[in-house]
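What follows is the content of run.cif, which has mmCIF, C-alpha atoms; chains and numbers go by the auth columns:
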data_run
#
loop_
_atom_site.group_PDB
_atom_site.id
_atom_site.type_symbol
_atom_site.label_atom_id
_atom_site.label_comp_id
_atom_site.label_asym_id
_atom_site.label_seq_id
_atom_site.Cartn_x
_atom_site.Cartn_y
_atom_site.Cartn_z
_atom_site.B_iso_or_equiv
_atom_site.auth_seq_id
_atom_site.auth_asym_id
ATOM 1 C CA MET A 1 0.000 0.000 0.000 0.00 253 A
ATOM 2 C CA ASN A 2 1.295 3.423 -0.917 0.00 254 A
ATOM 3 C CA PRO A 3 0.774 5.775 2.074 0.00 255 A
ATOM 4 C CA ARG A 4 -0.140 8.559 -0.367 0.00 256 A
ATOM 5 C CA SER A 5 -3.170 6.562 -1.483 0.00 257 A
ATOM 6 C CA PHE A 6 -4.291 5.533 2.016 0.00 258 A
ATOM 7 C CA ILE A 7 -7.931 4.465 2.164 0.00 259 A
ATOM 8 C CA SER A 8 -8.198 2.261 5.251 0.00 260 A
ATOM 9 C CA LEU A 9 -6.660 -0.507 7.340 0.00 261 A
ATOM 10 C CA ASP A 10 -8.743 -3.546 8.224 0.00 262 A
ATOM 11 C CA THR A 11 -8.580 -5.704 11.325 0.00 263 A
ATOM 12 C CA PRO A 12 -10.951 -8.518 12.256 0.00 264 A
ATOM 13 C CA ARG A 13 -13.378 -6.144 14.012 0.00 265 A
ATOM 14 C CA LEU A 14 -12.379 -2.660 12.852 0.00 266 A
ATOM 15 C CA THR A 15 -11.894 -0.488 9.826 0.00 267 A
ATOM 16 C CA LEU A 16 -9.291 2.210 10.478 0.00 268 A
ATOM 17 C CA ARG A 17 -10.007 5.102 8.150 0.00 269 A
ATOM 18 C CA ARG A 18 -9.999 8.867 7.839 0.00 270 A
ATOM 19 C CA PHE A 19 -12.457 10.779 9.964 0.00 271 A
ATOM 20 C CA GLN A 20 -15.656 11.877 8.244 0.00 272 A
ATOM 21 C CA ASN A 21 -18.425 14.330 9.108 0.00 273 A
ATOM 22 C CA SER A 22 -20.744 11.559 10.302 0.00 274 A
ATOM 23 C CA ASP A 23 -18.267 10.841 13.155 0.00 275 A
ATOM 24 C CA LEU A 24 -18.905 14.192 14.837 0.00 276 A
ATOM 25 C CA ALA A 25 -21.416 13.137 17.521 0.00 277 A
ATOM 26 C CA SER A 26 -19.552 9.972 18.564 0.00 278 A
ATOM 27 C CA PHE A 27 -16.185 11.739 18.484 0.00 279 A
ATOM 28 C CA MET A 28 -17.464 14.573 20.668 0.00 280 A
ATOM 29 C CA ALA A 29 -19.071 12.123 23.090 0.00 281 A
ATOM 30 C CA TYR A 30 -15.874 10.298 23.947 0.00 282 A
ATOM 31 C CA ARG A 31 -13.674 13.402 23.753 0.00 283 A
ATOM 32 C CA ASN A 32 -15.965 15.065 26.323 0.00 284 A
ATOM 33 C CA ASP A 33 -15.989 12.092 28.711 0.00 285 A
ATOM 34 C CA LEU A 34 -13.816 13.110 31.683 0.00 286 A
ATOM 35 C CA GLU A 35 -12.914 9.499 32.439 0.00 287 A
ATOM 36 C CA VAL A 36 -11.692 8.956 28.860 0.00 288 A
ATOM 37 C CA ALA A 37 -9.760 12.243 29.041 0.00 289 A
ATOM 38 C CA ARG A 38 -8.116 11.449 32.400 0.00 290 A
ATOM 39 C CA TYR A 39 -4.685 10.638 30.913 0.00 291 A
ATOM 40 C CA GLN A 40 -5.026 12.622 27.703 0.00 292 A
ATOM 41 C CA SER A 41 -3.605 16.075 27.006 0.00 293 A
ATOM 42 C CA TRP A 42 -7.119 17.466 26.508 0.00 294 A
ATOM 43 C CA GLU A 43 -10.134 17.788 28.821 0.00 295 A
ATOM 44 C CA SER A 44 -12.907 18.262 26.298 0.00 296 A
ATOM 45 C CA ILE A 45 -13.677 19.488 22.808 0.00 297 A
ATOM 46 C CA THR A 46 -16.157 22.058 21.529 0.00 298 A
ATOM 47 C CA HIS A 47 -18.371 21.565 18.497 0.00 299 A
ATOM 48 C CA ALA A 48 -16.242 24.046 16.526 0.00 300 A
ATOM 49 C CA GLU A 49 -12.977 22.330 17.542 0.00 301 A
ATOM 50 C CA ALA A 50 -14.339 18.894 16.676 0.00 302 A
ATOM 51 C CA THR A 51 -15.638 20.080 13.302 0.00 303 A
ATOM 52 C CA LYS A 52 -12.260 21.653 12.488 0.00 304 A
ATOM 53 C CA PHE A 53 -10.397 18.518 13.627 0.00 305 A
ATOM 54 C CA ILE A 54 -12.532 16.226 11.461 0.00 306 A
ATOM 55 C CA SER A 55 -12.175 18.533 8.481 0.00 307 A
ATOM 56 C CA GLN A 56 -8.391 18.643 8.831 0.00 308 A
ATOM 57 C CA GLN A 57 -8.020 14.908 9.408 0.00 309 A
ATOM 58 C CA SER A 58 -10.260 14.031 6.469 0.00 310 A
ATOM 59 C CA ARG A 59 -7.894 15.885 4.107 0.00 311 A
ATOM 60 C CA THR A 60 -4.538 14.646 5.355 0.00 312 A
ATOM 61 C CA ARG A 61 -2.748 11.347 5.008 0.00 313 A
ATOM 62 C CA PRO A 62 -0.693 9.281 7.424 0.00 314 A
ATOM 63 C CA GLY A 63 3.076 9.490 7.416 0.00 315 A
ATOM 64 C CA ILE A 64 3.694 13.208 6.942 0.00 316 A
ATOM 65 C CA PRO A 65 6.632 14.031 9.267 0.00 317 A
ATOM 66 C CA GLY A 66 5.589 16.357 12.070 0.00 318 A
ATOM 67 C CA LYS A 67 1.814 15.858 11.622 0.00 319 A
ATOM 68 C CA TRP A 68 -0.366 13.593 13.711 0.00 320 A
ATOM 69 C CA PHE A 69 -2.769 11.422 11.744 0.00 321 A
ATOM 70 C CA GLN A 70 -5.765 10.069 13.632 0.00 322 A
ATOM 71 C CA PHE A 71 -7.187 6.815 12.287 0.00 323 A
ATOM 72 C CA ALA A 72 -10.915 6.678 13.051 0.00 324 A
ATOM 73 C CA ALA A 73 -11.670 3.199 14.436 0.00 325 A
ATOM 74 C CA GLU A 74 -15.031 2.083 13.060 0.00 326 A
ATOM 75 C CA LEU A 75 -16.663 -1.146 14.197 0.00 327 A
ATOM 76 C CA LYS A 76 -17.319 -3.434 11.251 0.00 328 A
ATOM 77 C CA ALA A 77 -20.336 -4.950 12.977 0.00 329 A
ATOM 78 C CA ASP A 78 -22.425 -1.783 13.156 0.00 330 A
ATOM 79 C CA GLY A 79 -20.425 1.111 11.677 0.00 331 A
ATOM 80 C CA GLU A 80 -20.091 2.879 15.037 0.00 332 A
ATOM 81 C CA LEU A 81 -17.033 4.994 15.816 0.00 333 A
ATOM 82 C CA ALA A 82 -15.328 3.237 18.749 0.00 334 A
ATOM 83 C CA GLY A 83 -12.347 5.563 19.070 0.00 335 A
ATOM 84 C CA ASP A 84 -9.189 6.527 17.283 0.00 336 A
ATOM 85 C CA CYS A 85 -5.553 5.578 17.005 0.00 337 A
ATOM 86 C CA ALA A 86 -2.930 8.201 16.202 0.00 338 A
ATOM 87 C CA LEU A 87 0.428 8.099 14.457 0.00 339 A
ATOM 88 C CA LEU A 88 3.068 10.805 14.286 0.00 340 A
ATOM 89 C CA VAL A 89 6.220 10.459 12.217 0.00 341 A
ATOM 90 C CA ILE A 90 8.781 12.469 14.164 0.00 342 A
ATOM 91 C CA LYS A 91 9.909 15.411 12.045 0.00 343 A
ATOM 92 C CA THR A 92 13.481 15.497 13.341 0.00 344 A
ATOM 93 C CA THR A 93 13.919 11.717 13.080 0.00 345 A
ATOM 94 C CA PRO A 94 11.590 10.630 10.262 0.00 346 A
ATOM 95 C CA ARG A 95 12.232 6.894 10.657 0.00 347 A
ATOM 96 C CA VAL A 96 10.682 7.045 14.148 0.00 348 A
ATOM 97 C CA GLY A 97 6.967 7.191 14.854 0.00 349 A
ATOM 98 C CA GLU A 98 4.868 7.798 17.931 0.00 350 A
ATOM 99 C CA ILE A 99 1.476 6.229 18.532 0.00 351 A
ATOM 100 C CA GLY A 100 -1.460 7.036 20.749 0.00 352 A
ATOM 101 C CA TYR A 101 -5.020 5.810 21.161 0.00 353 A
ATOM 102 C CA THR A 102 -8.347 6.889 22.602 0.00 354 A
ATOM 103 C CA PHE A 103 -11.454 4.713 22.792 0.00 355 A
ATOM 104 C CA ALA A 104 -14.913 5.482 24.094 0.00 356 A
ATOM 105 C CA ARG A 105 -15.562 3.952 27.498 0.00 357 A
ATOM 106 C CA ALA A 106 -18.074 1.478 26.057 0.00 358 A
ATOM 107 C CA TYR A 107 -15.345 0.052 23.800 0.00 359 A
ATOM 108 C CA GLN A 108 -12.528 -0.220 26.334 0.00 360 A
ATOM 109 C CA HIS A 109 -11.211 -3.427 27.911 0.00 361 A
ATOM 110 C CA ASN A 110 -12.180 -5.708 25.023 0.00 362 A
ATOM 111 C CA GLY A 111 -9.042 -5.712 22.872 0.00 363 A
ATOM 112 C CA LEU A 112 -10.142 -3.120 20.318 0.00 364 A
ATOM 113 C CA ALA A 113 -7.363 -0.660 21.199 0.00 365 A
ATOM 114 C CA ALA A 114 -4.778 -3.438 20.873 0.00 366 A
ATOM 115 C CA GLU A 115 -6.258 -4.503 17.533 0.00 367 A
ATOM 116 C CA ALA A 116 -6.191 -0.936 16.205 0.00 368 A
ATOM 117 C CA THR A 117 -2.734 -0.153 17.546 0.00 369 A
ATOM 118 C CA ARG A 118 -1.297 -3.377 16.134 0.00 370 A
ATOM 119 C CA ALA A 119 -2.631 -2.438 12.685 0.00 371 A
ATOM 120 C CA VAL A 120 -1.157 1.067 12.923 0.00 372 A
ATOM 121 C CA ILE A 121 2.247 -0.322 13.959 0.00 373 A
ATOM 122 C CA ASP A 122 2.053 -2.789 11.044 0.00 374 A
ATOM 123 C CA PHE A 123 1.394 0.196 8.775 0.00 375 A
ATOM 124 C CA ALA A 124 4.283 2.147 10.321 0.00 376 A
ATOM 125 C CA PHE A 125 6.761 -0.680 9.769 0.00 377 A
ATOM 126 C CA GLY A 126 5.264 -1.738 6.428 0.00 378 A
ATOM 127 C CA PRO A 127 4.322 1.013 3.949 0.00 379 A
ATOM 128 C CA LEU A 128 5.918 3.837 5.976 0.00 380 A
ATOM 129 C CA GLU A 129 9.133 1.849 6.494 0.00 381 A
ATOM 130 C CA LEU A 130 9.743 3.257 9.971 0.00 382 A
ATOM 131 C CA ASN A 131 12.471 1.754 12.128 0.00 383 A
ATOM 132 C CA ARG A 132 11.103 2.469 15.625 0.00 384 A
ATOM 133 C CA VAL A 133 7.705 3.195 17.141 0.00 385 A
ATOM 134 C CA ILE A 134 7.309 4.758 20.583 0.00 386 A
ATOM 135 C CA ALA A 135 4.417 5.472 22.910 0.00 387 A
ATOM 136 C CA THR A 136 4.384 7.565 26.087 0.00 388 A
ATOM 137 C CA THR A 137 1.946 7.251 28.966 0.00 389 A
ATOM 138 C CA ASP A 138 1.391 8.540 32.456 0.00 390 A
ATOM 139 C CA CYS A 139 2.803 5.907 34.836 0.00 391 A
ATOM 140 C CA ARG A 140 -0.566 5.729 36.628 0.00 392 A
ATOM 141 C CA ASN A 141 -2.374 4.663 33.437 0.00 393 A
ATOM 142 C CA ALA A 142 -2.205 0.917 34.117 0.00 394 A
ATOM 143 C CA PRO A 143 -4.464 -0.120 31.182 0.00 395 A
ATOM 144 C CA SER A 144 -2.246 1.760 28.719 0.00 396 A
ATOM 145 C CA VAL A 145 0.923 0.246 30.199 0.00 397 A
ATOM 146 C CA ALA A 146 -0.642 -3.225 29.947 0.00 398 A
ATOM 147 C CA LEU A 147 -1.627 -2.601 26.320 0.00 399 A
ATOM 148 C CA MET A 148 1.892 -1.574 25.323 0.00 400 A
ATOM 149 C CA GLU A 149 3.323 -4.646 27.011 0.00 401 A
ATOM 150 C CA ARG A 150 0.732 -6.934 25.339 0.00 402 A
ATOM 151 C CA LEU A 151 1.828 -5.494 22.001 0.00 403 A
ATOM 152 C CA GLY A 152 5.421 -6.486 22.764 0.00 404 A
ATOM 153 C CA MET A 153 6.680 -2.963 23.279 0.00 405 A
ATOM 154 C CA LYS A 154 9.561 -2.646 25.735 0.00 406 A
ATOM 155 C CA LEU A 155 9.983 -0.079 28.482 0.00 407 A
ATOM 156 C CA ALA A 156 12.508 2.382 27.069 0.00 408 A
ATOM 157 C CA GLY A 157 12.384 5.086 29.727 0.00 409 A
ATOM 158 C CA HIS A 158 10.898 6.141 33.047 0.00 410 A
ATOM 159 C CA PHE A 159 10.807 9.911 33.293 0.00 411 A
ATOM 160 C CA ILE A 160 10.250 11.426 36.748 0.00 412 A
ATOM 161 C CA HIS A 161 8.155 14.620 36.859 0.00 413 A
ATOM 162 C CA ASN A 162 8.416 14.720 33.084 0.00 414 A
ATOM 163 C CA ALA A 163 5.293 16.753 32.387 0.00 415 A
ATOM 164 C CA TRP A 164 3.130 19.341 34.102 0.00 416 A
ATOM 165 C CA PHE A 165 -0.181 17.678 33.455 0.00 417 A
ATOM 166 C CA LYS A 166 -3.610 18.866 34.556 0.00 418 A
ATOM 167 C CA GLY A 167 -2.284 20.790 37.542 0.00 419 A
ATOM 168 C CA GLU A 168 0.374 18.369 38.775 0.00 420 A
ATOM 169 C CA TRP A 169 3.696 16.865 37.847 0.00 421 A
ATOM 170 C CA CYS A 170 3.419 13.420 36.377 0.00 422 A
ATOM 171 C CA ASP A 171 5.864 10.623 35.766 0.00 423 A
ATOM 172 C CA GLU A 172 5.817 9.030 32.330 0.00 424 A
ATOM 173 C CA TYR A 173 6.876 5.763 30.802 0.00 425 A
ATOM 174 C CA GLN A 174 8.051 5.574 27.243 0.00 426 A
ATOM 175 C CA TYR A 175 7.668 2.259 25.459 0.00 427 A
ATOM 176 C CA ALA A 176 9.247 1.355 22.136 0.00 428 A
ATOM 177 C CA VAL A 177 9.439 -1.399 19.569 0.00 429 A
ATOM 178 C CA LEU A 178 11.917 -1.768 16.737 0.00 430 A
ATOM 179 C CA ARG A 179 10.988 -2.958 13.284 0.00 431 A
ATOM 180 C CA GLU A 180 13.381 -5.903 13.695 0.00 432 A
ATOM 181 C CA ASP A 181 11.602 -6.968 16.890 0.00 433 A
ATOM 182 C CA TRP A 182 8.056 -6.621 15.544 0.00 434 A
ATOM 183 C CA PRO A 183 6.646 -10.009 14.574 0.00 435 A
ATOM 184 C CA ARG A 184 7.551 -10.599 10.919 0.00 436 A
ATOM 185 C CA HIS A 185 4.060 -11.807 10.018 0.00 437 A
ATOM 186 C CA CYS A 186 2.710 -8.380 11.024 0.00 438 A
ATOM 187 C CA VAL A 187 4.880 -6.296 8.702 0.00 439 A
ATOM 188 C CA SER A 188 3.286 -5.664 5.324 0.00 440 A
#

structure tokens encoding of this file:
Amino acid sequence: MNPRSFISLDTPRLTLRRFQNSDLASFMAYRNDLEVARYQSWESITHAEATKFISQQSRTRPGIPGKWFQFAAELKADGELAGDCALLVIKTTPRVGEIGYTFARAYQHNGLAAEATRAVIDFAFGPLELNRVIATTDCRNAPSVALMERLGMKLAGHFIHNAWFKGEWCDEYQYAVLREDWPRHCVS
């Protein structure tokens, strides 16, 4: 797959695609859920911000160094937006990517985030030909830590008081996986 002609990524239960206008209500619902936002850099999103975000994301493509691309995670079973998975190719080191993920509360703890993230890492190591993928999380975010470990990512750093986050200093873990360590059957 040529990243310039990206349409979607398919997993057993999800289609990872560009955001579209019909995602607005679902996207706003989980982005405005304080529990979902607990370990995210944002607290909420306005209608105008969400509309702008969807418009921008619908016109971009994954793999542009320095620009986050959010893959909308749509359930194949019913077409509902379950969440999103993000990929950033680091501008200063373009063979390195960073991932992130956000899923609505109703779609957490059932393997969907792992399924989506695995597909995005496959894409990063396959068509984008990245060498390393990282992810950073607040040390208190046990479900995110468990997800990274389930994916086979290794703890690459423990940063003490690394970020001023929602009114307090937080410690962060950085996880990483190298292309050579990613299961060969996963790489496109």

Q: Would you write out, as a count of residues only, every residue that the PyMOL selection byres ((chain A and resi 329-342) around 6) captures in this file?
A: 27

Given all atoms listed in the file, how would the per-residue table for range 390-411 of chain A near range 265-289 of chain A read, listing every residue at most 12 Å away with its closest atom pair and distance in Å to one decimal, sorted by chain and number, as JSON lines?
{"residue": "A:Asn393", "atom": "CA", "partner": "A:Val288", "partner_atom": "CA", "distance": 11.2}
{"residue": "A:Pro395", "atom": "CA", "partner": "A:Val288", "partner_atom": "CA", "distance": 11.8}
{"residue": "A:Ser396", "atom": "CA", "partner": "A:Val288", "partner_atom": "CA", "distance": 11.9}

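Neighbouring residues of Lys418 in chain A at 12 Å or closer, counting all atoms listed in the file and skipping chain neighbours under 6 positions away, are Ala289, Arg290, Tyr291, Gln292, Ser293, Trp294, Glu295 and Asp390 of chain A.
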
**Q.** Distance in Å - CA of Asn383 in chain A versus CA of Tyr427 in chain A
**A.**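 About the pair CA of Asn383 in chain A and CA of Tyr427 in chain A: they are 14.2 Å apart.
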
Which protein, DNA or RNA residues have an atom at most 9 Å from (-5.7, -1.6, 20.6), counting only C-alpha atoms? List them as a short mmCIF file (atom, residue, chain, number, x, y, z; two decimals) with C-alpha atoms, keeping the file's coordinate frame.
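Okay, selection-v8.cif is ready:
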data_model
loop_
_atom_site.label_atom_id
_atom_site.label_comp_id
_atom_site.auth_asym_id
_atom_site.auth_seq_id
_atom_site.Cartn_x
_atom_site.Cartn_y
_atom_site.Cartn_z
CA CYS A 337 -5.55 5.58 17.00
CA TYR A 353 -5.02 5.81 21.16
CA PHE A 355 -11.45 4.71 22.79
CA ASN A 362 -12.18 -5.71 25.02
CA GLY A 363 -9.04 -5.71 22.87
CA LEU A 364 -10.14 -3.12 20.32
CA ALA A 365 -7.36 -0.66 21.20
CA ALA A 366 -4.78 -3.44 20.87
CA GLU A 367 -6.26 -4.50 17.53
CA ALA A 368 -6.19 -0.94 16.20
CA THR A 369 -2.73 -0.15 17.55
CA ARG A 370 -1.30 -3.38 16.13
CA ALA A 371 -2.63 -2.44 12.68
CA LEU A 399 -1.63 -2.60 26.32
CA MET A 400 1.89 -1.57 25.32
CA LEU A 403 1.83 -5.49 22.00
#

Taking every listed atom of range 401-419 of chain A and adding 3 Å to each side, what centre and edge lengths in Å (one decimal) does the axis-aligned box have, as JSON?
{"center_x": 4.4, "center_y": 6.9, "center_z": 29.8, "size_x": 22.1, "size_y": 33.7, "size_z": 21.5}

Q.
I'd like the interatomic distance between CA of Ala415 in chain A and CA of Thr298 in chain A, to a tenth of an Å.
A.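 Separation of CA of Ala415 in chain A and CA of Thr298 in chain A: 24.6 Å.
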
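One distance worth recording is that between CA of Arg347 in chain A and CA of Phe305 in chain A, which is 25.6 Å.
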
Q: Starting from the shown file, work through the PyMOL selection byres ((chain A and resi 408) around 9) and note down what comes out as a ChimeraX atom specification.
A: /A:386,405-407,409-410,425-429

What does the file look like for those residues with C-alpha atoms, as a compact mmCIF listing (two decimals), in the frame of the given file?
# COMPACT_ATOMS: atom_id res chain seq x y z
CA ILE A 386 7.31 4.76 20.58
CA MET A 405 6.68 -2.96 23.28
CA LYS A 406 9.56 -2.65 25.74
CA LEU A 407 9.98 -0.08 28.48
CA GLY A 409 12.38 5.09 29.73
CA HIS A 410 10.90 6.14 33.05
CA TYR A 425 6.88 5.76 30.80
CA GLN A 426 8.05 5.57 27.24
CA TYR A 427 7.67 2.26 25.46
CA ALA A 428 9.25 1.36 22.14
CA VAL A 429 9.44 -1.40 19.57

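Closest approach to Cys391 in chain A among A:Ala358, A:Phe411, A:Gly419, A:Gly378 is made by A:Phe411 (distances from all atoms listed in the file).
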
Q: Compare A:Leu430, A:Ala300, A:Thr312, A:Val397 by their minimum atom-to-atom distance to Asp374 in chain A, counting all atoms listed in the file, and give me the closest one.
A: A:Leu430

Q.
Restricting the calculation to all atoms listed in the file: of A:Ser260, A:Thr303, A:Pro435, A:Ala394, which residue gets closest to Phe377 in chain A?
A.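 Comparing A:Ser260, A:Thr303, A:Pro435, A:Ala394 against Phe377 in chain A, the winner is A:Pro435.
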
Q | Counting all atoms listed in the file, the residue of A:Glu381, A:Thr388, A:Phe375, A:Arg431 that sits nearest Thr263 in chain A | A | A:Phe375

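With all atoms listed in the file as the atoms that count, the minimum distance from Ser257 in chain A to the choices A:Gln360, A:Arg313, A:Ile373, A:Ala387 is reached by A:Arg313.
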
File output, range 345-355 of chain A (all heavy atoms) as an mmCIF file, in the first residue's frame:
data_model
loop_
_atom_site.group_PDB
_atom_site.id
_atom_site.type_symbol
_atom_site.label_atom_id
_atom_site.label_comp_id
_atom_site.auth_asym_id
_atom_site.auth_seq_id
_atom_site.Cartn_x
_atom_site.Cartn_y
_atom_site.Cartn_z
ATOM 1 N N THR A 345 13.403 13.076 13.310
ATOM 2 C CA THR A 345 13.919 11.717 13.080
ATOM 3 C C THR A 345 12.858 10.933 12.333
ATOM 4 O O THR A 345 12.120 10.143 12.921
ATOM 5 C CB THR A 345 14.274 11.008 14.410
ATOM 6 O OG1 THR A 345 13.183 11.135 15.303
ATOM 7 C CG2 THR A 345 15.531 11.558 15.040
ATOM 8 N N PRO A 346 12.729 11.146 11.017
ATOM 9 C CA PRO A 346 11.590 10.630 10.262
ATOM 10 C C PRO A 346 11.497 9.114 10.112
ATOM 11 O O PRO A 346 10.550 8.641 9.505
ATOM 12 C CB PRO A 346 11.718 11.320 8.902
ATOM 13 C CG PRO A 346 13.095 11.834 8.831
ATOM 14 C CD PRO A 346 13.597 11.993 10.219
ATOM 15 N N ARG A 347 12.385 8.350 10.674
ATOM 16 C CA ARG A 347 12.232 6.894 10.657
ATOM 17 C C ARG A 347 11.664 6.398 11.991
ATOM 18 O O ARG A 347 11.591 5.214 12.252
ATOM 19 C CB ARG A 347 13.566 6.196 10.362
ATOM 20 C CG ARG A 347 14.171 6.510 9.001
ATOM 21 C CD ARG A 347 13.553 5.798 7.808
ATOM 22 N NE ARG A 347 13.287 4.404 7.921
ATOM 23 C CZ ARG A 347 14.134 3.408 7.680
ATOM 24 N NH1 ARG A 347 15.355 3.660 7.311
ATOM 25 N NH2 ARG A 347 13.756 2.158 7.819
ATOM 26 N N VAL A 348 11.256 7.364 12.840
ATOM 27 C CA VAL A 348 10.682 7.045 14.148
ATOM 28 C C VAL A 348 9.261 7.588 14.192
ATOM 29 O O VAL A 348 8.998 8.717 13.779
ATOM 30 C CB VAL A 348 11.520 7.659 15.296
ATOM 31 C CG1 VAL A 348 10.867 7.388 16.653
ATOM 32 C CG2 VAL A 348 12.943 7.121 15.265
ATOM 33 N N GLY A 349 8.350 6.773 14.706
ATOM 34 C CA GLY A 349 6.967 7.191 14.854
ATOM 35 C C GLY A 349 6.521 7.105 16.302
ATOM 36 O O GLY A 349 7.120 6.391 17.107
ATOM 37 N N GLU A 350 5.489 7.849 16.610
ATOM 38 C CA GLU A 350 4.868 7.798 17.931
ATOM 39 C C GLU A 350 3.402 7.467 17.748
ATOM 40 O O GLU A 350 2.758 7.977 16.838
ATOM 41 C CB GLU A 350 5.023 9.129 18.652
ATOM 42 C CG GLU A 350 4.448 9.112 20.057
ATOM 43 C CD GLU A 350 4.738 10.380 20.853
ATOM 44 O OE1 GLU A 350 5.459 11.268 20.355
ATOM 45 O OE2 GLU A 350 4.217 10.469 21.979
ATOM 46 N N ILE A 351 2.887 6.608 18.603
ATOM 47 C CA ILE A 351 1.476 6.229 18.532
ATOM 48 C C ILE A 351 0.734 6.673 19.783
ATOM 49 O O ILE A 351 1.332 6.915 20.824
ATOM 50 C CB ILE A 351 1.295 4.703 18.348
ATOM 51 C CG1 ILE A 351 1.979 3.939 19.485
ATOM 52 C CG2 ILE A 351 1.775 4.255 16.985
ATOM 53 C CD1 ILE A 351 1.608 2.484 19.578
ATOM 54 N N GLY A 352 -0.567 6.755 19.640
ATOM 55 C CA GLY A 352 -1.460 7.036 20.749
ATOM 56 C C GLY A 352 -2.829 6.470 20.407
ATOM 57 O O GLY A 352 -3.082 6.106 19.252
ATOM 58 N N TYR A 353 -3.706 6.404 21.392
ATOM 59 C CA TYR A 353 -5.020 5.810 21.161
ATOM 60 C C TYR A 353 -6.005 6.354 22.177
ATOM 61 O O TYR A 353 -5.649 6.691 23.304
ATOM 62 C CB TYR A 353 -4.966 4.280 21.242
ATOM 63 C CG TYR A 353 -3.968 3.785 22.264
ATOM 64 C CD1 TYR A 353 -4.287 3.714 23.610
ATOM 65 C CD2 TYR A 353 -2.685 3.431 21.874
ATOM 66 C CE1 TYR A 353 -3.362 3.297 24.536
ATOM 67 C CE2 TYR A 353 -1.745 3.007 22.796
ATOM 68 C CZ TYR A 353 -2.095 2.944 24.135
ATOM 69 O OH TYR A 353 -1.166 2.553 25.064
ATOM 70 N N THR A 354 -7.246 6.457 21.742
ATOM 71 C CA THR A 354 -8.347 6.889 22.602
ATOM 72 C C THR A 354 -9.585 6.124 22.168
ATOM 73 O O THR A 354 -9.953 6.158 20.984
ATOM 74 C CB THR A 354 -8.624 8.396 22.440
ATOM 75 O OG1 THR A 354 -7.424 9.123 22.672
ATOM 76 C CG2 THR A 354 -9.708 8.851 23.399
ATOM 77 N N PHE A 355 -10.224 5.445 23.095
ATOM 78 C CA PHE A 355 -11.454 4.713 22.792
ATOM 79 C C PHE A 355 -12.543 5.109 23.775
ATOM 80 O O PHE A 355 -12.283 5.357 24.947
ATOM 81 C CB PHE A 355 -11.215 3.200 22.845
ATOM 82 C CG PHE A 355 -10.625 2.677 21.561
ATOM 83 C CD1 PHE A 355 -9.292 2.890 21.257
ATOM 84 C CD2 PHE A 355 -11.413 2.019 20.638
ATOM 85 C CE1 PHE A 355 -8.750 2.457 20.059
ATOM 86 C CE2 PHE A 355 -10.891 1.580 19.437
ATOM 87 C CZ PHE A 355 -9.550 1.798 19.145
#
